[in-house]
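To be precise, the following lines are my_file27.pdb, and they hold PDB, C-alpha atoms and all ligand atoms.
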```pdb
ATOM      1  CA  MET A   1     117.133 173.820 -80.058
ATOM      2  CA  ALA A   2     116.782 172.122 -76.693
ATOM      3  CA  ARG A   3     115.958 174.383 -73.766
ATOM      4  CA  LYS A   4     117.997 173.626 -70.675
ATOM      5  CA  ILE A   5     116.746 174.772 -67.249
ATOM      6  CA  LEU A   6     119.525 176.243 -65.108
ATOM      7  CA  GLY A   7     117.397 177.151 -62.098
ATOM      8  CA  TYR A   8     114.731 179.459 -60.708
ATOM      9  CA  ILE A   9     114.964 183.033 -59.476
ATOM     10  CA  GLU A  10     112.598 185.250 -57.548
ATOM     11  CA  LEU A  11     111.005 188.070 -59.564
ATOM     12  CA  ILE A  12     109.404 191.324 -58.409
ATOM     13  CA  TRP A  13     106.198 193.120 -59.272
ATOM     14  CA  THR A  14     105.147 196.729 -58.799
ATOM     15  CA  CYS A  15     101.868 197.590 -57.072
ATOM     16  CA  ASP A  16      99.527 199.614 -59.352
ATOM     17  CA  SER A  17      97.952 201.373 -56.372
ATOM     18  CA  CYS A  18     100.969 202.551 -54.341
ATOM     19  CA  GLY A  19     104.020 201.779 -56.503
ATOM     20  CA  THR A  20     105.653 199.451 -53.974
ATOM     21  CA  LYS A  21     107.934 196.785 -55.391
ATOM     22  CA  ASN A  22     106.936 193.376 -54.004
ATOM     23  CA  PRO A  23     108.594 189.929 -54.166
ATOM     24  CA  GLY A  24     107.114 187.807 -56.969
ATOM     25  CA  ALA A  25     105.764 185.094 -54.674
ATOM     26  CA  ILE A  26     103.853 187.601 -52.476
ATOM     27  CA  LYS A  27     100.331 187.828 -53.885
ATOM     28  CA  SER A  28      99.049 191.045 -52.235
ATOM     29  CA  CYS A  29     100.941 194.325 -51.899
ATOM     30  CA  THR A  30     103.105 194.341 -48.759
ATOM     31  CA  SER A  31     102.394 198.070 -48.329
ATOM     32  CA  CYS A  32      98.702 198.662 -49.166
ATOM     33  CA  GLY A  33      97.323 195.127 -49.388
ATOM     34  CA  ALA A  34      95.933 195.534 -52.922
ATOM     35  CA  PRO A  35      95.792 192.264 -54.898
ATOM     36  CA  GLN A  36      98.307 191.968 -57.680
ATOM     37  CA  PRO A  37      96.434 192.986 -60.874
ATOM     38  CA  LEU A  38      96.057 190.516 -63.759
ATOM     39  CA  GLY A  39      98.007 192.643 -66.234
ATOM     40  CA  VAL A  40     101.050 193.311 -64.028
ATOM     41  CA  ARG A  41     104.384 192.291 -65.457
ATOM     42  CA  PHE A  42     107.015 190.512 -63.402
ATOM     43  CA  GLU A  43     110.467 191.999 -63.519
ATOM     44  CA  GLN A  44     113.839 190.585 -62.745
ATOM     45  CA  VAL A  45     115.642 191.451 -59.534
ATOM     46  CA  ASP A  46     118.972 193.231 -59.951
ATOM     47  CA  PRO A  47     121.197 190.660 -61.680
ATOM     48  CA  ASN A  48     124.076 191.471 -59.321
ATOM     49  CA  THR A  49     122.197 190.399 -56.201
ATOM     50  CA  PHE A  50     120.232 187.458 -57.515
ATOM     51  CA  ASN A  51     120.705 183.851 -56.482
ATOM     52  CA  PHE A  52     119.076 180.654 -57.670
ATOM     53  CA  ILE A  53     116.183 179.693 -55.378
ATOM     54  CA  LYS A  54     117.004 176.794 -53.030
ATOM     55  CA  ASP A  55     113.490 176.554 -51.496
ATOM     56  CA  GLU A  56     112.001 173.313 -52.902
ATOM     57  CA  ALA A  57     108.404 174.450 -52.226
ATOM     58  CA  LEU A  58     108.922 177.613 -54.272
ATOM     59  CA  ILE A  59     110.475 175.619 -57.129
ATOM     60  CA  ARG A  60     107.562 173.159 -57.004
ATOM     61  CA  MET A  61     105.169 176.117 -57.223
ATOM     62  CA  ALA A  62     106.993 177.488 -60.268
ATOM     63  CA  ARG A  63     106.787 174.087 -61.945
ATOM     64  CA  SER A  64     103.071 173.607 -61.253
ATOM     65  CA  GLY A  65     102.094 176.243 -63.833
ATOM     66  CA  PRO A  66     100.975 179.886 -63.949
ATOM     67  CA  ASP A  67      98.964 181.286 -61.043
ATOM     68  CA  LYS A  68      95.314 182.192 -61.541
ATOM     69  CA  HIS A  69      93.393 185.243 -60.418
ATOM     70  CA  CYS A  70      90.230 184.900 -58.288
ATOM     71  CA  PRO A  71      87.158 185.872 -60.395
ATOM     72  CA  TYR A  72      85.607 187.594 -57.298
ATOM     73  CA  CYS A  73      88.387 189.586 -55.614
ATOM     74  CA  GLY A  74      91.231 189.428 -58.133
ATOM     75  CA  THR A  75      93.751 187.880 -55.738
ATOM     76  CA  ARG A  76      96.461 185.731 -57.271
ATOM     77  CA  ASN A  77      96.233 182.045 -56.256
ATOM     78  CA  LEU A  78      98.411 179.000 -56.936
ATOM     79  CA  ALA A  79      97.676 176.991 -60.085
ATOM     80  CA  ASP A  80      96.253 174.031 -58.145
ATOM     81  CA  ALA A  81      94.207 176.059 -55.601
ATOM     82  CA  LEU A  82      90.472 175.278 -55.586
ATOM     83  CA  THR A  83      89.334 178.221 -53.414
ATOM     84  CA  CYS A  84      90.686 181.773 -53.093
ATOM     85  CA  VAL A  85      93.150 182.354 -50.215
ATOM     86  CA  GLN A  86      91.729 185.873 -49.777
ATOM     87  CA  CYS A  87      87.923 185.544 -50.088
ATOM     88  CA  GLY A  88      87.309 181.775 -50.220
ATOM     89  CA  GLY A  89      85.632 182.071 -53.644
ATOM     90  CA  ASP A  90      85.380 179.087 -56.004
ATOM     91  CA  LEU A  91      88.386 179.067 -58.379
ATOM     92  CA  THR A  92      87.269 176.057 -60.471
ATOM     93  CA  VAL A  93      85.036 178.271 -62.665
ATOM     94  CA  GLY A  94      85.983 181.628 -64.168
ATOM     95  CA  ALA A  95      89.510 182.007 -62.730
ATOM     96  CA  THR A  96      91.971 183.645 -65.140
ATOM     97  CA  SER A  97      95.454 182.150 -65.513
ATOM     98  CA  ARG A  98      98.392 184.522 -65.629
ATOM     99  CA  PRO A  99     100.289 184.749 -68.910
ATOM    100  CA  SER A 100     103.505 182.720 -68.877
ATOM    101  CA  GLY A 101     106.443 181.938 -71.136
ATOM    102  CA  ASP A 102     107.449 185.551 -71.829
ATOM    103  CA  VAL A 103     111.158 186.253 -71.796
ATOM    104  CA  ILE A 104     111.765 188.701 -68.972
ATOM    105  CA  GLU A 105     115.142 190.101 -69.901
ATOM    106  CA  PRO A 106     118.497 188.646 -70.759
ATOM    107  CA  TYR A 107     121.035 188.881 -68.013
ATOM    108  CA  PRO A 108     124.777 188.358 -68.068
ATOM    109  CA  LEU A 109     125.684 185.110 -66.381
ATOM    110  CA  VAL A 110     129.032 183.428 -66.049
ATOM    111  CA  GLY A 111     129.037 179.929 -67.526
ATOM    112  CA  ALA A 112     129.452 176.706 -65.581
ATOM    113  CA  GLN A 113     133.184 176.543 -66.385
ATOM    114  CA  GLY A 114     133.677 180.090 -65.140
ATOM    115  CA  LYS A 115     134.001 181.756 -68.518
ATOM    116  CA  PRO A 116     131.349 183.684 -70.433
ATOM    117  CA  GLN A 117     129.126 181.574 -72.693
ATOM    118  CA  PRO A 118     129.025 182.289 -76.413
ATOM    119  CA  ALA A 119     126.013 184.377 -77.341
ATOM    120  CA  GLY A 120     124.931 181.770 -79.896
ATOM    121  CA  GLU A 121     121.431 182.117 -81.354
ATOM    122  CA  THR A 122     120.421 184.977 -79.058
ATOM    123  CA  GLN A 123     122.600 187.547 -80.777
ATOM    124  CA  PRO A 124     120.712 189.956 -83.036
ATOM    125  CA  MET A 125     121.109 189.314 -86.741
ATOM    126  CA  ALA A 126     123.190 191.843 -88.622
ATOM    127  CA  THR A 127     120.861 193.971 -90.691
ATOM    128  CA  ARG A 128     121.662 194.459 -94.339
ATOM    129  CA  ALA A 129     121.702 198.004 -95.647
ATOM    130  CA  PRO A 130     119.150 198.581 -98.418
ATOM    131  CA  MET A 131     120.677 198.614-101.886
ATOM    132  CA  PRO A 132     120.806 202.047-103.549
ATOM    133  CA  ARG A 133     118.258 202.418-106.347
ATOM    134  CA  LYS A 134     120.919 203.297-108.948
ATOM    135  CA  VAL A 135     122.843 200.049-108.301
ATOM    136  CA  SER A 136     119.719 197.891-108.605
ATOM    137  CA  LEU A 137     118.800 199.640-111.882
ATOM    138  CA  ILE A 138     122.252 198.833-113.297
ATOM    139  CA  MET A 139     121.903 195.215-112.130
ATOM    140  CA  ILE A 140     118.534 194.920-113.918
ATOM    141  CA  LEU A 141     120.067 196.328-117.123
ATOM    142  CA  VAL A 142     122.989 193.879-116.897
ATOM    143  CA  LEU A 143     120.559 190.975-116.391
ATOM    144  CA  LEU A 144     118.517 192.108-119.388
ATOM    145  CA  ALA A 145     121.680 192.300-121.509
ATOM    146  CA  ILE A 146     122.661 188.748-120.440
ATOM    147  CA  CYS A 147     119.164 187.488-121.313
ATOM    148  CA  ALA A 148     119.277 189.208-124.726
ATOM    149  CA  PHE A 149     122.695 187.696-125.455
ATOM    150  CA  GLY A 150     121.402 184.237-124.416
ATOM    151  CA  ILE A 151     118.433 184.543-126.772
ATOM    152  CA  PHE A 152     120.758 185.696-129.574
ATOM    153  CA  LEU A 153     122.989 182.621-128.975
ATOM    154  CA  LEU A 154     119.985 180.260-129.017
ATOM    155  CA  ILE A 155     118.697 181.736-132.284
ATOM    156  CA  SER A 156     122.199 181.592-133.795
ATOM    157  CA  MET A 157     122.505 177.915-132.891
ATOM    158  CA  ARG A 158     119.027 177.086-134.215
ATOM    159  CA  ARG A 159     119.283 178.917-137.552
ATOM    160  CA  THR A 160     121.325 176.909-140.022
ATOM    161  CA  ASP A 161     122.536 177.304-143.590
ATOM    162  CA  ALA A 162     122.973 174.452-146.087
ATOM    163  CA  ILE A 163     126.588 174.303-147.308
ATOM    164  CA  ASN A 164     128.264 171.992-149.817
ATOM    165  CA  ALA A 165     131.682 170.835-148.708
ATOM    166  CA  THR A 166     134.325 168.198-149.469
ATOM    167  CA  VAL A 167     136.018 165.929-146.919
ATOM    168  CA  ALA A 168     139.580 167.148-146.306
ATOM    169  CA  SER A 169     140.729 164.680-143.647
ATOM    170  CA  THR A 170     139.466 162.307-140.964
ATOM    171  CA  GLN A 171     140.537 160.971-137.605
ATOM    172  CA  TRP A 172     139.224 158.263-135.305
ATOM    173  CA  GLU A 173     139.994 157.559-131.678
ATOM    174  CA  ARG A 174     138.848 154.594-129.595
ATOM    175  CA  ALA A 175     139.552 154.014-125.922
ATOM    176  CA  VAL A 176     138.895 151.155-123.518
ATOM    177  CA  ILE A 177     139.164 151.303-119.751
ATOM    178  CA  VAL A 178     140.753 148.369-117.939
ATOM    179  CA  GLU A 179     139.514 147.704-114.413
ATOM    180  CA  SER A 180     141.136 145.518-111.789
ATOM    181  CA  TYR A 181     139.591 143.883-108.711
ATOM    182  CA  GLN A 182     142.060 144.839-106.016
ATOM    183  CA  LEU A 183     142.557 146.430-102.621
ATOM    184  CA  VAL A 184     141.546 150.070-102.782
ATOM    185  CA  SER A 185     142.139 152.748-100.139
ATOM    186  CA  GLU A 186     138.966 154.665 -99.340
ATOM    187  CA  SER A 187     137.627 156.837 -96.573
ATOM    188  CA  ASP A 188     134.086 157.122 -95.230
ATOM    189  CA  TRP A 189     131.968 157.380 -92.073
ATOM    190  CA  ALA A 190     132.338 154.228 -89.984
ATOM    191  CA  ALA A 191     128.702 153.193 -90.518
ATOM    192  CA  ASN A 192     129.114 153.201 -94.335
ATOM    193  CA  ILE A 193     132.217 150.997 -94.475
ATOM    194  CA  PRO A 194     131.700 147.509 -95.963
ATOM    195  CA  ALA A 195     131.900 144.657 -93.461
ATOM    196  CA  ASP A 196     134.860 142.950 -95.171
ATOM    197  CA  ALA A 197     136.996 146.105 -95.211
ATOM    198  CA  THR A 198     140.183 146.537 -93.206
ATOM    199  CA  ILE A 199     140.061 149.764 -91.238
ATOM    200  CA  SER A 200     143.455 151.427 -90.923
ATOM    201  CA  SER A 201     142.656 154.547 -88.911
ATOM    202  CA  CYS A 202     139.701 156.549 -87.621
ATOM    203  CA  SER A 203     139.263 159.986 -86.131
ATOM    204  CA  LEU A 204     136.251 161.767 -84.686
ATOM    205  CA  GLU A 205     134.984 164.440 -87.059
ATOM    206  CA  TYR A 206     132.014 166.784 -86.958
ATOM    207  CA  ARG A 207     129.048 165.343 -88.861
ATOM    208  CA  TYR A 208     125.760 167.094 -87.954
ATOM    209  CA  ASP A 209     123.850 169.115 -85.344
ATOM    210  CA  SER A 210     121.344 167.435 -83.058
ATOM    211  CA  GLU A 211     118.621 168.581 -80.676
ATOM    212  CA  GLU A 212     119.530 165.833 -78.232
ATOM    213  CA  PRO A 213     122.890 164.814 -76.806
ATOM    214  CA  THR A 214     124.332 161.666 -78.359
ATOM    215  CA  GLU A 215     127.503 159.661 -78.019
ATOM    216  CA  ASN A 216     130.449 161.973 -78.851
ATOM    217  CA  SER A 217     128.489 165.206 -78.957
ATOM    218  CA  GLU A 218     129.568 168.657 -77.869
ATOM    219  CA  GLU A 219     127.045 170.926 -76.199
ATOM    220  CA  ILE A 220     126.777 174.456 -77.593
ATOM    221  CA  CYS A 221     124.658 176.837 -75.515
ATOM    222  CA  GLY A 222     123.512 180.417 -75.995
ATOM    223  CA  THR A 223     123.314 183.148 -73.360
ATOM    224  CA  PRO A 224     121.006 182.212 -70.464
ATOM    225  CA  TYR A 225     117.753 184.161 -70.142
ATOM    226  CA  THR A 226     114.804 184.296 -67.770
ATOM    227  CA  VAL A 227     111.292 183.136 -68.653
ATOM    228  CA  ASP A 228     108.143 184.185 -66.738
ATOM    229  CA  THR A 229     106.491 181.081 -65.268
ATOM    230  CA  GLY A 230     103.434 183.146 -64.260
ATOM    231  CA  THR A 231     104.049 182.401 -60.564
ATOM    232  CA  GLY A 232     106.340 185.263 -59.611
ATOM    233  CA  VAL A 233     109.283 182.890 -59.954
ATOM    234  CA  GLY A 234     111.387 183.109 -63.102
ATOM    235  CA  GLN A 235     112.895 180.122 -64.863
ATOM    236  CA  VAL A 236     116.473 180.699 -66.016
ATOM    237  CA  VAL A 237     117.041 178.782 -69.222
ATOM    238  CA  GLN A 238     119.620 178.324 -71.928
ATOM    239  CA  ASP A 239     119.003 177.188 -75.507
ATOM    240  CA  CYS A 240     121.429 174.427 -76.430
ATOM    241  CA  TYR A 241     122.184 172.157 -79.347
ATOM    242  CA  TYR A 242     124.720 169.415 -79.854
ATOM    243  CA  ARG A 243     127.483 169.119 -82.401
ATOM    244  CA  VAL A 244     127.725 165.402 -83.100
ATOM    245  CA  TYR A 245     131.090 163.853 -83.950
ATOM    246  CA  GLU A 246     131.430 160.455 -85.605
ATOM    247  CA  ASP A 247     134.271 158.194 -86.619
ATOM    248  CA  TYR A 248     135.585 158.958 -90.095
ATOM    249  CA  CYS A 249     137.904 156.166 -91.182
ATOM    250  CA  ARG A 250     140.442 155.240 -93.792
ATOM    251  CA  TYR A 251     140.057 151.637 -94.893
ATOM    252  CA  GLU A 252     141.112 149.138 -97.509
ATOM    253  CA  ALA A 253     138.632 146.936 -99.346
ATOM    254  CA  LEU A 254     138.472 144.878-102.527
ATOM    255  CA  ASP A 255     136.775 146.820-105.302
ATOM    256  CA  TRP A 256     136.834 147.357-109.064
ATOM    257  CA  THR A 257     139.154 150.221-109.866
ATOM    258  CA  VAL A 258     140.442 151.749-113.095
ATOM    259  CA  VAL A 259     144.057 150.724-113.692
ATOM    260  CA  ASP A 260     144.584 151.619-117.328
ATOM    261  CA  THR A 261     143.061 153.327-120.370
ATOM    262  CA  LEU A 262     144.002 151.801-123.719
ATOM    263  CA  ARG A 263     143.787 154.158-126.724
ATOM    264  CA  LEU A 264     144.123 153.716-130.444
ATOM    265  CA  ASN A 265     143.741 156.342-133.157
ATOM    266  CA  GLY A 266     144.203 156.706-136.880
ATOM    267  CA  THR A 267     143.346 158.799-139.901
ATOM    268  CA  ASP A 268     141.874 156.041-142.085
ATOM    269  CA  LEU A 269     138.204 154.986-142.215
ATOM    270  CA  ASN A 270     138.608 151.598-140.519
ATOM    271  CA  ALA A 271     138.698 152.089-136.783
ATOM    272  CA  VAL A 272     139.689 149.204-134.495
ATOM    273  CA  TRP A 273     139.301 148.645-130.766
ATOM    274  CA  PRO A 274     142.432 148.427-128.637
ATOM    275  CA  ALA A 275     143.070 144.835-127.554
ATOM    276  CA  ALA A 276     143.296 144.329-123.793
ATOM    277  CA  ASN A 277     145.417 141.517-122.371
ATOM    278  CA  LEU A 278     143.448 140.919-119.183
ATOM    279  CA  THR A 279     144.640 139.038-116.114
ATOM    280  CA  ASP A 280     142.275 136.887-113.986
ATOM    281  CA  THR A 281     141.356 139.869-111.811
ATOM    282  CA  GLN A 282     140.772 142.366-114.623
ATOM    283  CA  ARG A 283     137.839 143.302-116.808
ATOM    284  CA  VAL A 284     137.116 145.738-119.605
ATOM    285  CA  GLY A 285     135.241 148.809-118.450
ATOM    286  CA  GLN A 286     133.694 151.659-120.396
ATOM    287  CA  ALA A 287     134.561 152.009-124.096
ATOM    288  CA  THR A 288     134.450 155.346-125.928
ATOM    289  CA  GLU A 289     134.732 156.231-129.619
ATOM    290  CA  THR A 290     135.128 159.642-131.269
ATOM    291  CA  TYR A 291     135.282 160.384-134.970
ATOM    292  CA  THR A 292     136.232 163.736-136.500
ATOM    293  CA  ILE A 293     135.676 164.752-140.098
ATOM    294  CA  TRP A 294     137.253 167.972-141.468
ATOM    295  CA  PHE A 295     135.506 169.618-144.386
ATOM    296  CA  SER A 296     136.563 172.432-146.662
ATOM    297  CA  ALA A 297     134.023 174.665-148.395
ATOM    298  CA  GLY A 298     135.704 177.334-150.470
ATOM    299  CA  SER A 299     137.482 179.696-148.102
ATOM    300  CA  ARG A 300     136.047 178.194-144.894
ATOM    301  CA  ASP A 301     136.768 174.971-143.037
ATOM    302  CA  TYR A 302     134.327 173.055-140.849
ATOM    303  CA  ASN A 303     134.604 169.978-138.687
ATOM    304  CA  LEU A 304     132.195 167.441-137.281
ATOM    305  CA  ARG A 305     132.831 165.356-134.164
ATOM    306  CA  THR A 306     130.574 162.335-133.857
ATOM    307  CA  THR A 307     130.242 158.868-132.349
ATOM    308  CA  ASP A 308     128.405 157.610-135.461
ATOM    309  CA  TYR A 309     130.856 155.103-136.930
ATOM    310  CA  SER A 310     128.706 154.253-139.987
ATOM    311  CA  LEU A 311     128.576 157.955-140.941
ATOM    312  CA  TYR A 312     132.346 158.231-140.441
ATOM    313  CA  GLN A 313     132.997 155.264-142.728
ATOM    314  CA  GLN A 314     131.422 157.181-145.638
ATOM    315  CA  ALA A 315     133.840 160.128-145.271
ATOM    316  CA  TYR A 316     136.178 159.300-148.155
ATOM    317  CA  PRO A 317     138.705 162.097-148.634
ATOM    318  CA  GLY A 318     137.515 164.346-151.471
ATOM    319  CA  SER A 319     133.878 163.143-151.314
ATOM    320  CA  GLU A 320     131.079 165.738-151.595
ATOM    321  CA  TRP A 321     128.912 166.341-148.493
ATOM    322  CA  GLU A 322     125.919 168.498-147.590
ATOM    323  CA  LEU A 323     126.297 170.264-144.254
ATOM    324  CA  GLU A 324     123.900 172.166-142.047
ATOM    325  CA  VAL A 325     125.949 174.915-140.363
ATOM    326  CA  ASN A 326     124.567 177.240-137.669
ATOM    327  CA  GLN A 327     125.370 180.968-137.259
ATOM    328  CA  LEU A 328     128.249 180.120-134.905
ATOM    329  CA  GLY A 329     129.953 177.995-137.569
ATOM    330  CA  ALA A 330     129.192 174.615-135.959
ATOM    331  CA  VAL A 331     128.102 171.697-138.136
ATOM    332  CA  THR A 332     124.718 170.481-136.843
ATOM    333  CA  SER A 333     124.247 167.687-139.413
ATOM    334  CA  ALA A 334     126.165 166.209-142.315
ATOM    335  CA  ARG A 335     125.426 163.634-144.997
ATOM    336  CA  PRO A 336     127.155 162.538-148.184
ATOM    337  CA  ALA A 337     125.758 164.252-151.308
ATOM    338  CA  ASP A 338     123.894 161.926-153.668
TER     339      ASP A 338
HETATM  340 ZN    ZN B 401     100.336 198.736 -52.821
HETATM  341 ZN    ZN B 402      89.026 185.945 -53.987
END
```
Could you rewrite the structure in this file as structure tokens?
Amino acid sequence: MARKILGYIELIWTCDSCGTKNPGAIKSCTSCGAPQPLGVRFEQVDPNTFNFIKDEALIRMARSGPDKHCPYCGTRNLADALTCVQCGGDLTVGATSRPSGDVIEPYPLVGAQGKPQPAGETQPMATRAPMPRKVSLIMILVLLAICAFGIFLLISMRRTDAINATVASTQWERAVIVESYQLVSESDWAANIPADATISSCSLEYRYDSEEPTENSEEICGTPYTVDTGTGVGQVVQDCYYRVYEDYCRYEALDWTVVDTLRLNGTDLNAVWPAANLTDTQRVGQATETYTIWFSAGSRDYNLRTTDYSLYQQAYPGSEWELEVNQLGAVTSARPAD
């Protein structure tokens, strides 16, 4: 969050001794002459009557840093003063700097374009109501039930029974992907587009937030507020960040792309790969194979899906197999009986 300085305004302070309100830059009470005490807090002048300070000397003073109090008489002196304006005492040793940087109070200000600024980050966060105890108890019980069910599932999947079964039927399926090197339409941020691509259209789209302004960024600022500079002059600031927009483009480029998936299937034990008739600009991509064996064991049927072709080739219809079946009825391993 970058802090933007809008200007400087005069503050006021209240005399501890007589209660008089004095201008921030005046260092001794205008009524009783008492020095401004170290602990006094600057306040903001009525927001309706304030104006940004035009006096360059006053602005320079505010920028030079917090004032310091004379260790001998307590009078407030400028940050770069070497001797006290009141008593002439040495300020290079033992002088106490005023606190600075405190936010004085937010004030309503009309934005530069003449409309109110969005509150942005300075708005208070919505507080969440505490959850009733009964609801949280129910949630804990539900979570426990889900955990118990998960454990039950895990145990059911782990525990297996040995079952003798015969092969009822089989099926194989093999697939091959055909890829072609051709013009492909894609879209991406301009910086990520390959150099040989042909860009068809671009538009500015929001990409990220930045602390600093960049090319094509939109400034988003919160409500202005006043910060104590420790000099009796307040600094009016605004916290801003930048929404950065970048070119997002549609383009065409040569790339490998899937143009076809060739499939073959059958119910016999000799699976074959689909034959691809490739052109000069095509290649074979990923190949997949799936084999399913259906078993019957008395009144129950089971099936096994596998990619193990050598196991599948032993699944003659009617042959005897030994299965490991878990509590959920899934076959976890299978082998032909000796
Ligand atoms: Zn006074
Ligand atoms: Zn002094």
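Rounded to one decimal, CA of Tyr312 (chain A) and CA of Ala287 (chain A) lie 17.6 Å from each other.
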Find the residues near region 238-252 of chain A: any atom within 8 Å, counting all atoms listed in the file, skip ones fewer than 2 places away on the same chain, and give them as a ChimeraX atom specification. /A:1-6,183-190,193,197-225,236,254
Please evaluate the PyMOL selection byres (((not hetatm)) within 9 of (chain B and resi 401)) against the structure above and give the resulting residues as number ranges by chain. A: 14-22, 28-36
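With distances restricted to all atoms listed in the file, A:Ala175 is the closest residue to Thr261 (chain A) from A:Ala79, A:Ile138, A:Val233, A:Ala175.
Within 7 Å of Glu322 (chain A), once only C-alpha atoms are used and residues closer than 4 positions along the same chain are dropped, the contacting residues are Ala162, Ile163, Asn164, Ala165, Ala334, Arg335, Pro336 and Ala337 of chain A.
Considering the residues A:Leu328, A:Ala276, A:Cys73, A:Val93 and counting only C-alpha atoms, Ile155 (chain A) has its shortest atom-to-atom contact with A:Leu328.
Atom pair CA of Gly298 (chain A) / CA of Ala168 (chain A): separated by 11.7 Å.
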Any residue with an atom at most 7 Å from ligand ZN 402 (chain B) counts, using all atoms listed in the file. Which are they? Put them as an mmCIF file with C-alpha atoms, keeping the file's coordinate frame.
```
data_model
loop_
_atom_site.group_PDB
_atom_site.id
_atom_site.type_symbol
_atom_site.label_atom_id
_atom_site.label_comp_id
_atom_site.auth_asym_id
_atom_site.auth_seq_id
_atom_site.Cartn_x
_atom_site.Cartn_y
_atom_site.Cartn_z
ATOM 1 C CA CYS A 70 90.230 184.900 -58.288
ATOM 2 C CA PRO A 71 87.158 185.872 -60.395
ATOM 3 C CA TYR A 72 85.607 187.594 -57.298
ATOM 4 C CA CYS A 73 88.387 189.586 -55.614
ATOM 5 C CA GLY A 74 91.231 189.428 -58.133
ATOM 6 C CA THR A 75 93.751 187.880 -55.738
ATOM 7 C CA CYS A 84 90.686 181.773 -53.093
ATOM 8 C CA VAL A 85 93.150 182.354 -50.215
ATOM 9 C CA GLN A 86 91.729 185.873 -49.777
ATOM 10 C CA CYS A 87 87.923 185.544 -50.088
ATOM 11 C CA GLY A 88 87.309 181.775 -50.220
ATOM 12 C CA GLY A 89 85.632 182.071 -53.644
#
```
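Selection around (98.8, 182.1, -66.1) with radius 6 Å, counting all atoms listed in the file, yields the residues Pro66, Asp67, Lys68, Ser97, Arg98, Pro99, Ser100 and Gly230 of chain A.
Going from CA of Asn51 (chain A) over to CA of Leu78 (chain A), you cover 22.8 Å.
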Take the PyMOL selection byres (((chain A and resi 289) around 7) and not hetatm), run it mentally on this structure, and tell me the resulting residues as a PyMOL selection string. chain A and resi 173-175+287-288+290-291+307
Ile177 (chain A): which residues within 6 Å, counting only C-alpha atoms, same-chain residues fewer than 2 positions away excluded, as a compact mmCIF listing (two decimals) with C-alpha atoms, in the frame of the given file?
```txt
# COMPACT_ATOMS: atom_id res chain seq x y z
CA ASP A 260 144.58 151.62 -117.33
CA THR A 261 143.06 153.33 -120.37
CA VAL A 284 137.12 145.74 -119.60
CA GLY A 285 135.24 148.81 -118.45
CA GLN A 286 133.69 151.66 -120.40
```
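Nearest to Pro23 (chain A) of all the residues A:Tyr309, A:Tyr316, A:Phe42, A:Phe52 is A:Phe42, based on all atoms listed in the file.
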At most 12 Å from (104.9, 174.9, -53.3), file frame, only C-alpha atoms: which residues, as JSON, numbers by chain? {"A": [25, 55, 56, 57, 58, 59, 60, 61, 62, 63, 64, 65, 67, 77, 78, 79, 80, 81, 231, 233]}
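Candidate residues A:Asp255, A:Asp90, A:Asp301, A:Asp338 were compared for distance to Val325 (chain A), and the nearest is A:Asp301, using only C-alpha atoms.
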